[in-house]
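What's in input_0.cif: mmCIF, C-alpha atoms and all ligand atoms
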data_target
#
loop_
_atom_site.label_atom_id
_atom_site.label_comp_id
_atom_site.auth_asym_id
_atom_site.auth_seq_id
_atom_site.Cartn_x
_atom_site.Cartn_y
_atom_site.Cartn_z
CA MET A 986 190.63 71.66 126.97
CA PRO A 987 189.42 70.72 123.47
CA PRO A 988 188.15 67.13 123.10
CA LYS A 989 190.70 64.51 122.04
CA LYS A 990 190.30 62.85 118.65
CA VAL A 991 189.46 59.18 118.35
CA LEU A 992 189.14 57.04 115.23
CA ILE A 993 186.79 54.08 115.64
CA LEU A 994 187.16 51.30 113.08
CA GLY A 995 183.52 50.30 112.98
CA GLY A 996 180.87 48.41 111.04
CA THR A 997 179.34 46.74 114.09
CA ARG A 998 176.57 47.52 116.55
CA GLU A 999 179.15 47.70 119.34
CA ALA A 1000 181.12 50.33 117.39
CA ALA A 1001 177.97 52.41 116.91
CA GLU A 1002 177.19 52.21 120.65
CA LEU A 1003 180.76 53.18 121.46
CA ALA A 1004 180.64 56.16 119.08
CA LYS A 1005 177.50 57.36 120.82
CA SER A 1006 178.86 57.01 124.33
CA LEU A 1007 182.22 58.69 123.55
CA ASN A 1008 180.49 61.45 121.60
CA ASP A 1009 177.96 62.02 124.40
CA SER A 1010 180.77 62.21 126.99
CA GLY A 1011 182.00 65.44 125.39
CA ASP A 1012 185.59 64.29 126.01
CA TRP A 1013 186.12 62.93 122.51
CA HIS A 1014 185.76 64.11 118.95
CA VAL A 1015 184.65 60.86 117.32
CA THR A 1016 185.21 59.70 113.75
CA THR A 1017 183.92 56.26 112.76
CA SER A 1018 185.34 54.55 109.71
CA LEU A 1019 183.20 52.14 107.67
CA ALA A 1020 184.43 49.92 104.84
CA GLY A 1021 181.43 50.81 102.67
CA ARG A 1022 180.01 47.28 102.36
CA THR A 1023 176.46 48.37 103.31
CA LYS A 1024 174.70 50.63 100.80
CA THR A 1025 172.80 52.70 103.35
CA PRO A 1026 174.48 52.49 106.76
CA LEU A 1027 172.56 53.82 109.76
CA PRO A 1028 173.64 57.30 110.91
CA LEU A 1029 176.31 57.33 113.60
CA ALA A 1030 177.12 59.77 116.39
CA GLY A 1031 180.07 62.00 115.48
CA GLU A 1032 181.64 61.99 112.04
CA THR A 1033 181.65 59.10 109.57
CA ARG A 1034 184.11 58.37 106.78
CA ILE A 1035 183.58 55.55 104.29
CA GLY A 1036 185.92 53.34 102.24
CA GLY A 1037 189.26 51.56 102.54
CA PHE A 1038 192.44 53.44 103.45
CA GLY A 1039 194.69 51.61 100.98
CA GLY A 1040 196.36 49.20 103.40
CA PRO A 1041 198.29 49.84 106.62
CA ASP A 1042 200.35 52.69 105.15
CA GLY A 1043 197.20 54.50 104.01
CA LEU A 1044 195.65 54.04 107.44
CA ALA A 1045 198.83 55.29 109.16
CA ALA A 1046 198.81 58.38 106.91
CA PHE A 1047 195.11 59.00 107.67
CA ILE A 1048 195.77 58.76 111.42
CA ARG A 1049 198.71 61.17 111.22
CA GLU A 1050 197.08 63.68 108.87
CA ASN A 1051 193.97 63.92 111.03
CA GLY A 1052 195.86 64.06 114.33
CA PHE A 1053 194.03 61.24 116.09
CA ASP A 1054 195.03 60.67 119.71
CA LYS A 1055 193.75 57.10 119.76
CA VAL A 1056 192.36 54.39 117.48
CA ILE A 1057 189.78 51.84 118.62
CA ASP A 1058 189.34 48.65 116.64
CA ALA A 1059 185.67 47.72 117.13
CA THR A 1060 185.34 45.81 113.86
CA HIS A 1061 183.67 42.44 113.42
CA PRO A 1062 185.78 39.54 114.74
CA PHE A 1063 185.91 38.02 111.24
CA ALA A 1064 187.19 41.26 109.70
CA LYS A 1065 190.80 40.22 110.15
CA THR A 1066 192.65 42.26 107.54
CA ILE A 1067 191.58 45.64 108.90
CA SER A 1068 192.46 44.52 112.44
CA SER A 1069 195.99 43.51 111.46
CA ASN A 1070 196.31 46.71 109.39
CA ALA A 1071 195.31 48.70 112.48
CA VAL A 1072 198.10 47.12 114.55
CA ALA A 1073 200.72 47.97 111.91
CA ALA A 1074 199.34 51.46 111.20
CA CYS A 1075 199.17 52.49 114.85
CA GLN A 1076 202.76 51.34 115.35
CA THR A 1077 203.87 53.38 112.34
CA ALA A 1078 201.87 56.44 113.41
CA GLY A 1079 202.89 56.10 117.07
CA VAL A 1080 199.27 56.24 118.26
CA PRO A 1081 197.73 53.89 120.87
CA LEU A 1082 195.37 51.19 119.62
CA GLU A 1083 192.56 49.84 121.79
CA ILE A 1084 191.08 46.54 120.70
CA ARG A 1085 187.44 45.80 121.52
CA GLN A 1086 187.09 42.17 120.53
CA ARG A 1087 183.77 40.43 121.20
CA ALA A 1088 183.99 37.11 123.03
CA PRO A 1089 182.81 34.17 120.89
CA TRP A 1090 179.57 32.41 121.84
CA LYS A 1091 179.81 29.23 123.91
CA MET A 1092 177.75 26.14 123.25
CA GLN A 1093 174.96 25.72 125.79
CA VAL A 1094 172.68 22.86 126.84
CA GLY A 1095 170.19 22.32 124.01
CA ASP A 1096 172.56 23.51 121.27
CA HIS A 1097 173.41 21.09 118.47
CA TRP A 1098 176.57 22.61 117.07
CA THR A 1099 179.14 21.17 114.75
CA VAL A 1100 182.14 23.48 114.93
CA VAL A 1101 184.11 23.74 111.70
CA GLU A 1102 187.36 25.37 110.67
CA SER A 1103 186.50 26.16 107.07
CA LEU A 1104 183.55 26.94 104.81
CA LYS A 1105 184.53 23.93 102.70
CA GLU A 1106 184.08 21.68 105.74
CA ALA A 1107 180.75 23.39 106.53
CA ALA A 1108 179.40 22.80 103.02
CA ALA A 1109 180.55 19.17 102.97
CA LEU A 1110 178.71 18.42 106.23
CA LEU A 1111 175.25 19.29 104.94
CA PRO A 1112 173.07 16.26 104.21
CA SER A 1113 171.64 15.96 100.73
CA GLY A 1114 168.12 17.39 100.58
CA SER A 1115 168.64 19.71 103.54
CA ARG A 1116 167.10 23.19 103.66
CA VAL A 1117 169.89 25.39 104.88
CA PHE A 1118 169.73 28.91 106.31
CA LEU A 1119 172.99 30.68 105.39
CA ALA A 1120 173.63 33.52 107.83
CA LEU A 1121 176.91 34.47 106.17
CA GLY A 1122 178.21 37.49 104.33
CA ARG A 1123 178.01 37.40 100.54
CA GLN A 1124 181.77 36.84 100.28
CA TYR A 1125 181.44 33.47 102.06
CA LEU A 1126 179.00 31.69 99.75
CA ASP A 1127 181.19 29.98 97.11
CA GLU A 1128 181.50 26.54 98.74
CA PHE A 1129 177.71 26.27 99.07
CA ARG A 1130 177.18 26.87 95.35
CA LYS A 1131 178.85 23.47 94.89
CA ARG A 1132 175.90 21.77 96.66
CA PRO A 1133 173.05 21.69 94.10
CA ASP A 1134 171.44 18.90 96.16
CA CYS A 1135 170.58 21.32 99.01
CA HIS A 1136 168.17 24.26 99.13
CA PHE A 1137 169.64 27.49 100.52
CA VAL A 1138 167.84 30.37 102.19
CA ILE A 1139 170.35 33.21 102.15
CA ARG A 1140 170.08 36.30 104.32
CA MET A 1141 171.71 39.46 102.98
CA VAL A 1142 171.50 43.11 103.93
CA ASP A 1143 171.42 44.41 100.33
CA ARG A 1144 169.91 42.75 97.25
CA PRO A 1145 172.78 41.26 95.19
CA GLU A 1146 173.29 42.24 91.58
CA GLY A 1147 173.15 39.50 88.95
CA ASP A 1148 172.70 35.77 89.28
CA MET A 1149 173.56 34.20 92.65
CA GLY A 1150 174.80 30.98 91.01
CA PHE A 1151 172.84 28.61 93.27
CA ALA A 1152 170.84 25.68 91.85
CA SER A 1153 168.11 26.20 94.45
CA HIS A 1154 167.87 29.21 96.72
CA GLU A 1155 165.70 31.98 98.18
CA LEU A 1156 166.79 35.35 99.52
CA VAL A 1157 165.84 36.97 102.80
CA LEU A 1158 166.78 40.64 102.63
CA GLY A 1159 167.61 42.54 105.82
CA LYS A 1160 169.67 42.42 108.95
CA PRO A 1161 169.37 39.64 111.49
CA SER A 1162 166.67 40.23 114.07
CA ALA A 1163 167.69 40.59 117.71
CA ASN A 1164 164.44 38.82 118.61
CA ARG A 1165 164.54 35.05 119.10
CA VAL A 1166 160.86 34.59 118.25
CA ALA A 1167 161.27 36.46 114.93
CA GLU A 1168 164.27 34.29 113.97
CA GLN A 1169 162.36 31.16 114.98
CA SER A 1170 159.37 32.16 112.80
CA LEU A 1171 161.71 32.70 109.86
CA PHE A 1172 163.26 29.23 110.27
CA GLU A 1173 159.78 27.70 110.53
CA GLU A 1174 158.40 29.63 107.55
CA PHE A 1175 161.24 28.40 105.32
CA ARG A 1176 161.21 24.87 106.83
CA ILE A 1177 164.88 25.15 107.69
CA THR A 1178 166.67 21.94 108.67
CA HIS A 1179 170.19 23.38 109.22
CA LEU A 1180 171.69 26.74 110.14
CA VAL A 1181 175.16 27.72 108.93
CA CYS A 1182 176.76 30.75 110.60
CA ARG A 1183 179.98 32.07 112.05
CA ASN A 1184 180.78 32.28 115.73
CA SER A 1185 180.74 36.07 115.73
CA GLY A 1186 179.96 36.64 119.41
CA GLY A 1187 178.04 39.70 120.61
CA MET A 1188 174.31 40.15 121.02
CA SER A 1189 173.23 41.44 117.60
CA GLY A 1190 173.39 38.01 115.92
CA TYR A 1191 172.66 35.80 118.90
CA ALA A 1192 168.88 35.47 118.41
CA LYS A 1193 169.38 33.00 115.57
CA ILE A 1194 171.42 30.76 117.89
CA GLU A 1195 168.66 30.92 120.50
CA ALA A 1196 166.03 30.18 117.84
CA ALA A 1197 168.00 27.16 116.61
CA ARG A 1198 168.25 25.93 120.21
CA LYS A 1199 164.51 26.26 120.69
CA LEU A 1200 163.83 24.31 117.48
CA ALA A 1201 166.65 21.79 118.15
CA LEU A 1202 168.11 22.66 114.74
CA PRO A 1203 171.61 21.47 113.88
CA VAL A 1204 173.99 24.42 113.58
CA VAL A 1205 177.19 24.29 111.55
CA ILE A 1206 179.28 27.05 113.07
CA LEU A 1207 182.55 28.46 111.84
CA ASN A 1208 185.22 29.16 114.45
CA ASN A 1209 186.78 32.60 114.64
CA THR A 1210 190.17 30.97 114.08
CA ALA A 1211 188.82 29.43 110.89
CA ASP A 1212 190.41 29.56 107.51
CA GLN A 1213 187.57 31.20 105.58
P1 LIG B 1 188.48 42.92 106.23
O1 LIG B 1 188.48 41.70 105.39
O2 LIG B 1 189.19 42.86 107.52
O3 LIG B 1 189.04 44.16 105.43
C1 LIG B 1 189.20 44.21 104.02
C2 LIG B 1 189.54 45.62 103.65
O4 LIG B 1 188.37 46.45 103.77
C3 LIG B 1 190.57 46.28 104.53
O5 LIG B 1 191.88 45.93 104.10
C4 LIG B 1 190.23 47.73 104.39
O6 LIG B 1 190.70 48.23 103.15
C5 LIG B 1 188.74 47.72 104.29
N1 LIG B 1 188.08 47.90 105.58
C6 LIG B 1 187.60 46.96 106.42
N2 LIG B 1 187.02 47.50 107.49
C7 LIG B 1 187.14 48.84 107.33
C8 LIG B 1 186.71 49.95 108.11
N3 LIG B 1 186.03 49.80 109.27
N4 LIG B 1 186.99 51.19 107.63
C9 LIG B 1 187.67 51.36 106.45
N5 LIG B 1 188.09 50.34 105.68
C10 LIG B 1 187.81 49.10 106.11
O7 LIG B 1 186.99 43.41 106.50
P2 LIG B 1 185.57 42.73 106.12
O8 LIG B 1 185.48 41.40 106.78
O9 LIG B 1 185.37 42.88 104.66
O10 LIG B 1 184.60 43.72 106.90
C11 LIG B 1 184.41 45.05 106.44
C12 LIG B 1 183.64 45.84 107.47
O11 LIG B 1 182.38 45.23 107.72
C13 LIG B 1 184.32 46.01 108.81
O12 LIG B 1 184.16 47.35 109.19
C14 LIG B 1 183.57 45.09 109.74
O13 LIG B 1 183.52 45.57 111.07
C15 LIG B 1 182.20 45.05 109.10
N6 LIG B 1 181.53 43.76 109.28
C16 LIG B 1 182.13 42.63 108.83
C17 LIG B 1 181.51 41.43 109.00
C18 LIG B 1 182.18 40.17 108.54
O14 LIG B 1 181.53 39.15 108.63
N7 LIG B 1 183.40 40.17 108.08
C19 LIG B 1 180.26 41.36 109.64
C20 LIG B 1 179.66 42.54 110.10
C21 LIG B 1 180.31 43.73 109.90
P3 LIG B 1 192.10 49.01 103.02
O15 LIG B 1 193.16 47.97 103.17
O16 LIG B 1 192.02 49.63 101.67
O17 LIG B 1 192.14 50.01 104.13
#
Take the structure I supplied and represent it as structure tokens, if you would.
Amino acid sequence: MPPKKVLILGGTREAAELAKSLNDSGDWHVTTSLAGRTKTPLPLAGETRIGGFGGPDGLAAFIRENGFDKVIDATHPFAKTISSNAVAACQTAGVPLEIRQRAPWKMQVGDHWTVVESLKEAAALLPSGSRVFLALGRQYLDEFRKRPDCHFVIRMVDRPEGDMGFASHELVLGKPSANRVAEQSLFEEFRITHLVCRNSGGMSGYAKIEAARKLALPVVILNNTADQ
């Protein structure tokens, strides 16, 4: 029997691991879809397609035209539009949708978290003069530009074009490390006093939480239910 066709909505480490395991099984012909946010994504097992579909109708048409037997939503928990599009598109196309949602992190002994529901609340909580590590995507930075009294160390995968619009900032280019010691060294090198991040769950971004715990750093953490 020929392998069945699966479309993985990806962009996460978990999606890449899933693509590899389904591809290796020989039971599935795997296509992973990426939004195209990262300039040079790592190669994935199976086929890759890049770019938006043009909303739920475009995604439904893509599913039908390519004859997928199943769709798996393995996107980042904060990527909410594509997840709701996937629900609508799979209904329209009459194809089953499997949702692989990471569980959020839970606060542990030694963590100093302030959980917030919006980026505005996160920015307002930072004390004047603080040195803040922003582990957020570039689309989540606006509220922090309104705090010229803080210094921001901003981690991004790709170098941004043009002026960042911050009164005082430094860039750290690259993906988060999965190594707690590496994240701790980074926080120490930049004399970080506060970490701001989202509660994304999963292992790929957890080292920064462990590093903050080790250094007893206050963490301002955005809930997954948050209004971004
Ligand atoms: P989003 O707000 O949910 O989606 C915005 C639009 O981007 C969607 O309407 C869709 O465009 C397109 N899109 C998103 N994911 C796509 C995918 N996997 N394949 C094709 N098109 C996609 O998404 P986002 O928060 O910008 O995240 C974009 C991608 O980055 C996702 O794949 C996600 O897994 C990954 N990612 C996101 C974050 C994060 O913090 N949000 C972190 C790590 C990785 P159309 O409506 O035109 O189809």
Exercise for review: Rank A:Trp1090, A:Phe1175, A:Phe1047, A:Phe1129 by their smallest atom-to-atom distance to A:Ser1189, using all atoms listed in the file, and report the top residue only.
Suggested key: A:Trp1090
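Counting all atoms listed in the file, the residue from A:Gly1040, A:Thr1060, A:Thr1066, A:Val1157 that sits nearest to A:Glu999 is A:Thr1060.
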Leaving out A:Pro1145 and any residue of its chain fewer than 6 positions from it, which residues lie within 10 Å of it when counting only C-alpha atoms, given as a CSV table (one decimal) with C-alpha atoms, in the coordinates of the input?
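Final file, part.csv:
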chain,number,residue,atom,x,y,z
A,1123,ARG,CA,178.0,37.4,100.5
A,1156,LEU,CA,166.8,35.4,99.5
A,1158,LEU,CA,166.8,40.6,102.6
Let me know the centre plus edge lengths, in Å and rounded to one decimal, of a box with edges along x, y and z that contains all listed atoms of ligand LIG 1 (chain B) and is padded by 5 Å on every side, as JSON.
{"center_x": 186.4, "center_y": 45.3, "center_z": 106.4, "size_x": 23.5, "size_y": 22.2, "size_z": 19.4}
Practice item. Do a neighbour search on A:Glu1195 at 12 Å with all atoms listed in the file, toss out local chain neighbours closer than 4 positions, and write the hits as a list in words. Key: Trp1090, Lys1091, Met1092, Gln1093, Val1094, Gly1095, Asp1096, His1097, Trp1098, Ser1162, Ala1163, Asn1164, Arg1165, Val1166, Ala1167, Glu1168, Gln1169, Phe1172, Leu1180, Met1188, Ser1189, Gly1190, Tyr1191, Lys1199, Leu1200, Ala1201, Leu1202, Pro1203 and Val1204 of chain A
Writing out the chosen residues with C-alpha atoms as a PDB file, in the frame of the given file:
ATOM      1  CA  TRP A1090     179.570  32.410 121.840  1.00  0.00           C
ATOM      2  CA  LYS A1091     179.810  29.230 123.910  1.00  0.00           C
ATOM      3  CA  MET A1092     177.750  26.140 123.250  1.00  0.00           C
ATOM      4  CA  GLN A1093     174.960  25.720 125.790  1.00  0.00           C
ATOM      5  CA  VAL A1094     172.680  22.860 126.840  1.00  0.00           C
ATOM      6  CA  GLY A1095     170.190  22.320 124.010  1.00  0.00           C
ATOM      7  CA  ASP A1096     172.560  23.510 121.270  1.00  0.00           C
ATOM      8  CA  HIS A1097     173.410  21.090 118.470  1.00  0.00           C
ATOM      9  CA  TRP A1098     176.570  22.610 117.070  1.00  0.00           C
ATOM     10  CA  SER A1162     166.670  40.230 114.070  1.00  0.00           C
ATOM     11  CA  ALA A1163     167.690  40.590 117.710  1.00  0.00           C
ATOM     12  CA  ASN A1164     164.440  38.820 118.610  1.00  0.00           C
ATOM     13  CA  ARG A1165     164.540  35.050 119.100  1.00  0.00           C
ATOM     14  CA  VAL A1166     160.860  34.590 118.250  1.00  0.00           C
ATOM     15  CA  ALA A1167     161.270  36.460 114.930  1.00  0.00           C
ATOM     16  CA  GLU A1168     164.270  34.290 113.970  1.00  0.00           C
ATOM     17  CA  GLN A1169     162.360  31.160 114.980  1.00  0.00           C
ATOM     18  CA  PHE A1172     163.260  29.230 110.270  1.00  0.00           C
ATOM     19  CA  LEU A1180     171.690  26.740 110.140  1.00  0.00           C
ATOM     20  CA  MET A1188     174.310  40.150 121.020  1.00  0.00           C
ATOM     21  CA  SER A1189     173.230  41.440 117.600  1.00  0.00           C
ATOM     22  CA  GLY A1190     173.390  38.010 115.920  1.00  0.00           C
ATOM     23  CA  TYR A1191     172.660  35.800 118.900  1.00  0.00           C
ATOM     24  CA  LYS A1199     164.510  26.260 120.690  1.00  0.00           C
ATOM     25  CA  LEU A1200     163.830  24.310 117.480  1.00  0.00           C
ATOM     26  CA  ALA A1201     166.650  21.790 118.150  1.00  0.00           C
ATOM     27  CA  LEU A1202     168.110  22.660 114.740  1.00  0.00           C
ATOM     28  CA  PRO A1203     171.610  21.470 113.880  1.00  0.00           C
ATOM     29  CA  VAL A1204     173.990  24.420 113.580  1.00  0.00           C
TER      30      VAL A1204
END
